[in-house]
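*Asks:* Quick one: the structure is below, and I'll ask about it shortly.
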Amino acid sequence: MNYTEINTKHFNYFKSKIGELNIYYDDERCNHFASDHTENLFFPPEIVLFPQSSKDVVCILSYCNKHNIPITPAGALTGLSGGALSVCRGVCLSMKNMNKIISIDEKNFQAKVEPGVINEAFRQVLKKKNLFYPPDPASGGTCTLGGNFALNAGGPKAVKYGVTSNYVLNLEIVLPNGEIFWTGANTLKNATGYNLTQLIIGSEGTLGVITKAVVKLITLPIEKILMLVPFYHNEDACNAVSSIMNKQITPSALEFIESDAIHFVQNQNYAEVPFSLNSNIKSYLLIELDGNNKEKLFFDSEIIYNVLQKYQCDEILLAETEMEQERIWKVRRSIGLAVKAYSIYKEEDTVVPRAYLAKLLKGVKDIGKEYNFRSICYGHAGDGNLHINILKEDLNNYQWDIIIKEGIRKIFTLCVSLGGTISGEHGIGFVQKEYMDIPFVVENLKIQKKIKKVFDPNNILNPNKIFI
Ligand SMILES: Cc1cc2nc3c(=O)[nH]c(=O)nc-3n(C[C@H](O)[C@H](O)[C@H](O)COP(=O)(O)OP(=O)(O)OC[C@H]3O[C@@H](n4cnc5c(N)ncnc54)[C@H](O)[C@@H]3O)c2cc1C
């Protein structure tokens, strides 16, 4: 598709609306918006605009729509599927300055926020009021709520509390033609018309720009304990996940980590590893229990301990204090960055019904042998969500760009055959769109493309994403 290049006339229009200080147009600063955390992609926009209000977003979008200028919303650029990259050039619409927590309604357990609020900063403000917004992607210290909404982000807490879509009640959105409206109501229930709120959640900034949101809050659980369980066999670690859940206990996190991932964190100095590493250990489960009664948590941890007796695991580490727990969580949160510091990698965000995790992991390793790649696997095992980091290491570009894709296709086909799909929380974005024929039949894809056309008939909003 041919789009209009940005010229002086366009620049002057943007300047008149949002001021020159809220525009980047030099290569050096635009280049900072050319990459997210996906492989080594680099797509610099022609210009970066920083709207300060919904009104600014309305002006910018309607202008781009009228002049056929592609425009791509961006949060903190921590995405792992290239969704926020300006792959067709044009405008990068950085939402990071729209970062106010507008209100916290303690009576109704709700908050109204702008999309540029940083996830962890929001959660810290709520903590002081004993309130809790559970979605906590491992990138929480940097990623924005807007990015979380657009990708339906998950994170470790999803196993007990659900994902972002379970907490968004209402959204203010701006359509590509500049129309602005709220999608629903600030209520816990809503059976009124089509559910546009949930359609926008996870739509990766391709249907509208989110300018405000009302989210649901819950009370903060006050007690936590954390267990780190080393396993001698990956299969045991995967199978233990279902066994634990079958005991009617729902941990607040249940993470699988291959021991190679921990070695990367240690070797790349991303975090201090507060436990000793044994070369016979193949993987770990990180199990967090939360609630308001510590005795009950210890009681549940005893049940888990008994479940684990039937698997070959080493001594279990129990972290009781917040400081001990945080040190272990820091290791978990550092894995992605530590792997990236070692090698370019492709991250596959596979998800299957959790009882099939062992089959998925075995399949991934077998496919790796067949296609000659090494993978580091970890993820939200309680949700059946396995992140597969495929390392480039010394593969040549032909192997990396062409051959590996056949292997990825096999992994995704395996996921779907197990009742799963190709992304649990990172989205399709730019890098996974060529695989959309695996989870969806043609009729399904046709309907999805028609929805895009209804919202964005001129295809200016985040073009060349999700679908080929
Ligand atoms: C170390 C690391 C750990 C991670 N862990 C997790 C995890 O545990 N769980 C998880 O789900 N993800 C995780 N991620 C992926 C990523 O952080 C999340 O997907 C996050 O939601 C992206 O937020 P962002 O602000 O960086 O968005 P960006 O990357 O900037 O954008 C992501 C998408 O949202 C769109 N977008 C952004 N703002 C808006 C808006 N206001 N309106 C409309 N569209 C918008 C963009 O166009 C793009 O398609 C991790 C990433 C890293 C690097």
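Naming works like this for the structure tokens: A, B, ... for the chains as they're shown, residue 1 at the start of each chain, ligands 1 onward in shown order.
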What's around segment 376-392 of chain A at 7 Å? Count only C-alpha atoms, leave out sequence neighbours fewer than 3 positions away in its own chain, and write the answer as JSON, numbers by chain.
*Replies:* {"A": [156, 159, 241, 254, 255, 256, 257, 258, 260, 261, 343, 344, 345, 346, 347, 348, 349, 350, 351, 352, 353, 354, 357, 373, 395, 400, 424]}
*Asks:* Any chance you could list, as a PDB file with C-alpha atoms, in the first residue's frame, the residues in segment 80-195 of chain A that come up helix (DSSP H, G or I) when DSSP is run on the backbone?
*Replies:*
```pdb
ATOM      1  CA  ASN A 119       1.996  -0.937  35.357  1.00  0.00           C
ATOM      2  CA  GLU A 120       4.158  -1.279  38.475  1.00  0.00           C
ATOM      3  CA  ALA A 121       3.790   2.402  39.431  1.00  0.00           C
ATOM      4  CA  PHE A 122       0.011   1.944  39.342  1.00  0.00           C
ATOM      5  CA  ARG A 123       0.185  -1.192  41.453  1.00  0.00           C
ATOM      6  CA  GLN A 124       2.387   0.555  44.038  1.00  0.00           C
ATOM      7  CA  VAL A 125      -0.046   3.484  44.387  1.00  0.00           C
ATOM      8  CA  LEU A 126      -2.886   0.998  44.905  1.00  0.00           C
ATOM      9  CA  LYS A 127      -0.885  -1.024  47.434  1.00  0.00           C
ATOM     10  CA  LEU A 145      -1.205  -0.033  30.972  1.00  0.00           C
ATOM     11  CA  GLY A 146      -2.117   0.999  27.405  1.00  0.00           C
ATOM     12  CA  GLY A 147       0.270  -1.618  26.017  1.00  0.00           C
ATOM     13  CA  ASN A 148      -1.186  -4.156  28.489  1.00  0.00           C
ATOM     14  CA  PHE A 149      -4.736  -3.378  27.330  1.00  0.00           C
ATOM     15  CA  ALA A 150      -3.783  -3.546  23.651  1.00  0.00           C
ATOM     16  CA  LEU A 151      -2.125  -6.954  24.125  1.00  0.00           C
ATOM     17  CA  ALA A 158      -2.940 -14.756  35.773  1.00  0.00           C
ATOM     18  CA  VAL A 159      -3.190 -18.350  37.008  1.00  0.00           C
ATOM     19  CA  LYS A 160      -5.246 -17.225  40.018  1.00  0.00           C
ATOM     20  CA  TYR A 161      -6.530 -13.773  39.063  1.00  0.00           C
ATOM     21  CA  THR A 164      -5.961  -7.890  31.714  1.00  0.00           C
ATOM     22  CA  SER A 165      -9.323  -8.421  29.993  1.00  0.00           C
ATOM     23  CA  ASN A 166     -10.776  -9.622  33.312  1.00  0.00           C
TER      24      ASN A 166
END
```
*Asks:* Please report the interatomic distance between atom CA of Tyr435 of chain A and atom CA of Thr197 of chain A in Å with one decimal.
*Replies:*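 Atom-to-atom, atom CA of Tyr435 of chain A to atom CA of Thr197 of chain A, that is 26.1 Å.
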*Asks:* Using only C-alpha atoms, which residues sit within 8 Å of Tyr167 of chain A once same-chain residues fewer than 6 positions away are excluded, as a ChimeraX atom specification?
*Replies:* /A:133,215-217
*Asks:* Take the residues from that selection and put them in a file with C-alpha atoms, as an mmCIF file, in the first residue's frame.
*Replies:*
```cif
data_model
loop_
_atom_site.group_PDB
_atom_site.id
_atom_site.type_symbol
_atom_site.label_atom_id
_atom_site.label_comp_id
_atom_site.auth_asym_id
_atom_site.auth_seq_id
_atom_site.Cartn_x
_atom_site.Cartn_y
_atom_site.Cartn_z
ATOM 1 C CA TYR A 133 -4.759 -4.637 40.237
ATOM 2 C CA VAL A 215 -10.367 -0.851 35.538
ATOM 3 C CA LYS A 216 -11.655 -3.097 38.289
ATOM 4 C CA LEU A 217 -9.680 -3.422 41.535
#
```
*Asks:* Looking at A:Gln52, A:Thr211, A:Ser103, A:Thr219, which one is nearest to Asn292 of chain A, with distances taken over only C-alpha atoms?
*Replies:*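 Closest candidate: A:Thr219.
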*Asks:* Give me, as a VMD selection string, the residues of segment 69-235 of chain A that a backbone DSSP run labels strand (DSSP E).
*Replies:* chain A and resid 71 to 74 91 to 94 101 to 105 110 to 113 131 to 132 168 to 174 180 to 182 209 to 216 218 to 219 223 to 231
*Asks:* Can I get the selected residues back with N, CA and C atoms, as a compact mmCIF listing (two decimals), in the first residue's frame?
*Replies:*
```txt
# COMPACT_ATOMS: atom_id res chain seq x y z
N ILE A 71 -0.08 5.44 11.02
CA ILE A 71 0.17 5.88 12.39
C ILE A 71 0.14 4.67 13.33
N THR A 72 1.15 4.55 14.16
CA THR A 72 1.30 3.36 15.01
C THR A 72 1.38 3.77 16.47
N PRO A 73 0.41 3.34 17.29
CA PRO A 73 0.49 3.66 18.72
C PRO A 73 1.63 2.91 19.39
N ALA A 74 2.26 3.56 20.36
CA ALA A 74 3.33 2.89 21.11
C ALA A 74 3.19 3.23 22.59
N VAL A 91 3.83 8.02 11.30
CA VAL A 91 3.85 8.56 12.66
C VAL A 91 3.94 7.44 13.70
N CYS A 92 4.83 7.63 14.68
CA CYS A 92 4.75 6.81 15.90
C CYS A 92 4.00 7.68 16.91
N LEU A 93 2.88 7.17 17.41
CA LEU A 93 2.07 7.92 18.37
C LEU A 93 2.43 7.43 19.77
N SER A 94 3.36 8.11 20.41
CA SER A 94 3.80 7.65 21.73
C SER A 94 2.82 8.14 22.80
N ILE A 101 -3.00 8.88 36.65
CA ILE A 101 -4.04 8.07 37.31
C ILE A 101 -5.13 9.08 37.63
N ILE A 102 -6.20 9.08 36.89
CA ILE A 102 -7.19 10.17 36.98
C ILE A 102 -7.95 10.10 38.31
N SER A 103 -8.39 8.90 38.69
CA SER A 103 -9.09 8.79 39.97
C SER A 103 -9.04 7.34 40.46
N ILE A 104 -9.11 7.20 41.78
CA ILE A 104 -9.24 5.87 42.38
C ILE A 104 -10.51 5.92 43.23
N ASP A 105 -11.48 5.13 42.83
CA ASP A 105 -12.78 5.15 43.49
C ASP A 105 -12.80 3.98 44.49
N GLN A 110 -12.66 0.80 41.77
CA GLN A 110 -12.37 1.08 40.36
C GLN A 110 -11.31 2.18 40.29
N ALA A 111 -10.60 2.21 39.17
CA ALA A 111 -9.71 3.36 38.92
C ALA A 111 -9.87 3.78 37.47
N LYS A 112 -9.72 5.11 37.26
CA LYS A 112 -9.74 5.61 35.88
C LYS A 112 -8.31 6.06 35.56
N VAL A 113 -7.77 5.55 34.48
CA VAL A 113 -6.35 5.81 34.17
C VAL A 113 -6.17 6.24 32.72
N LEU A 131 -5.31 -1.85 47.93
CA LEU A 131 -6.05 -2.26 46.72
C LEU A 131 -5.09 -2.99 45.78
N PHE A 132 -5.67 -3.74 44.87
CA PHE A 132 -4.85 -4.65 44.05
C PHE A 132 -5.39 -4.68 42.62
N VAL A 168 -10.69 -4.94 32.82
CA VAL A 168 -11.05 -3.69 32.13
C VAL A 168 -12.56 -3.61 31.98
N LEU A 169 -13.13 -2.55 32.52
CA LEU A 169 -14.59 -2.40 32.48
C LEU A 169 -15.04 -1.53 31.31
N ASN A 170 -14.23 -0.53 30.99
CA ASN A 170 -14.70 0.48 30.04
C ASN A 170 -13.49 1.18 29.44
N LEU A 171 -13.59 1.53 28.18
CA LEU A 171 -12.45 2.18 27.51
C LEU A 171 -12.91 3.41 26.74
N GLU A 172 -12.12 4.47 26.82
CA GLU A 172 -12.34 5.58 25.88
C GLU A 172 -11.41 5.31 24.70
N ILE A 173 -11.99 5.27 23.50
CA ILE A 173 -11.14 5.02 22.33
C ILE A 173 -11.35 6.09 21.26
N VAL A 174 -10.31 6.28 20.47
CA VAL A 174 -10.40 7.17 19.31
C VAL A 174 -10.23 6.30 18.07
N ILE A 180 -14.61 9.70 18.80
CA ILE A 180 -14.18 9.29 20.15
C ILE A 180 -15.41 8.89 20.97
N PHE A 181 -15.31 7.77 21.70
CA PHE A 181 -16.43 7.35 22.55
C PHE A 181 -15.96 6.34 23.59
N TRP A 182 -16.81 6.12 24.61
CA TRP A 182 -16.57 5.06 25.60
C TRP A 182 -17.22 3.79 25.09
N VAL A 209 -7.31 3.85 19.18
CA VAL A 209 -6.29 4.20 20.19
C VAL A 209 -7.00 4.36 21.53
N ILE A 210 -6.49 3.69 22.54
CA ILE A 210 -7.08 3.76 23.88
C ILE A 210 -6.55 5.02 24.56
N THR A 211 -7.48 5.88 24.98
CA THR A 211 -7.04 7.14 25.59
C THR A 211 -7.37 7.22 27.08
N LYS A 212 -8.32 6.39 27.54
CA LYS A 212 -8.61 6.28 28.98
C LYS A 212 -9.18 4.90 29.23
N ALA A 213 -9.12 4.46 30.50
CA ALA A 213 -9.72 3.17 30.84
C ALA A 213 -10.23 3.21 32.26
N VAL A 214 -11.30 2.49 32.49
CA VAL A 214 -11.77 2.26 33.86
C VAL A 214 -11.50 0.78 34.16
N VAL A 215 -10.72 0.54 35.22
CA VAL A 215 -10.37 -0.85 35.54
C VAL A 215 -10.92 -1.24 36.91
N LYS A 216 -11.14 -2.53 37.04
CA LYS A 216 -11.65 -3.10 38.29
C LYS A 216 -10.49 -3.37 39.24
N ILE A 218 -9.34 -5.10 43.24
CA ILE A 218 -9.79 -6.00 44.31
C ILE A 218 -8.97 -5.69 45.57
N THR A 219 -9.28 -6.35 46.67
CA THR A 219 -8.50 -6.07 47.89
C THR A 219 -7.16 -6.80 47.80
N GLU A 223 -0.76 -11.76 52.79
CA GLU A 223 0.29 -12.75 53.10
C GLU A 223 0.70 -13.49 51.82
N LYS A 224 1.99 -13.86 51.79
CA LYS A 224 2.49 -14.61 50.62
C LYS A 224 3.56 -15.57 51.07
N ILE A 225 3.61 -16.74 50.47
CA ILE A 225 4.83 -17.55 50.60
C ILE A 225 5.23 -18.04 49.20
N LEU A 226 6.50 -18.31 49.07
CA LEU A 226 7.03 -18.68 47.76
C LEU A 226 7.86 -19.95 47.89
N MET A 227 7.58 -20.91 47.01
CA MET A 227 8.37 -22.15 47.03
C MET A 227 9.13 -22.27 45.71
N LEU A 228 10.40 -22.63 45.82
CA LEU A 228 11.19 -22.89 44.61
C LEU A 228 11.53 -24.37 44.61
N VAL A 229 11.06 -25.08 43.59
CA VAL A 229 11.20 -26.54 43.58
C VAL A 229 12.10 -26.98 42.42
N PRO A 230 13.26 -27.54 42.71
CA PRO A 230 14.15 -28.01 41.63
C PRO A 230 13.77 -29.44 41.20
N PHE A 231 13.75 -29.68 39.91
CA PHE A 231 13.38 -31.01 39.38
C PHE A 231 14.54 -31.60 38.59
```
*Asks:* With distances taken over only C-alpha atoms, which residue among A:Arg89, A:Phe467, A:Asn97, A:Glu272 lies nearest Ile447 of chain A?
*Replies:* A:Phe467
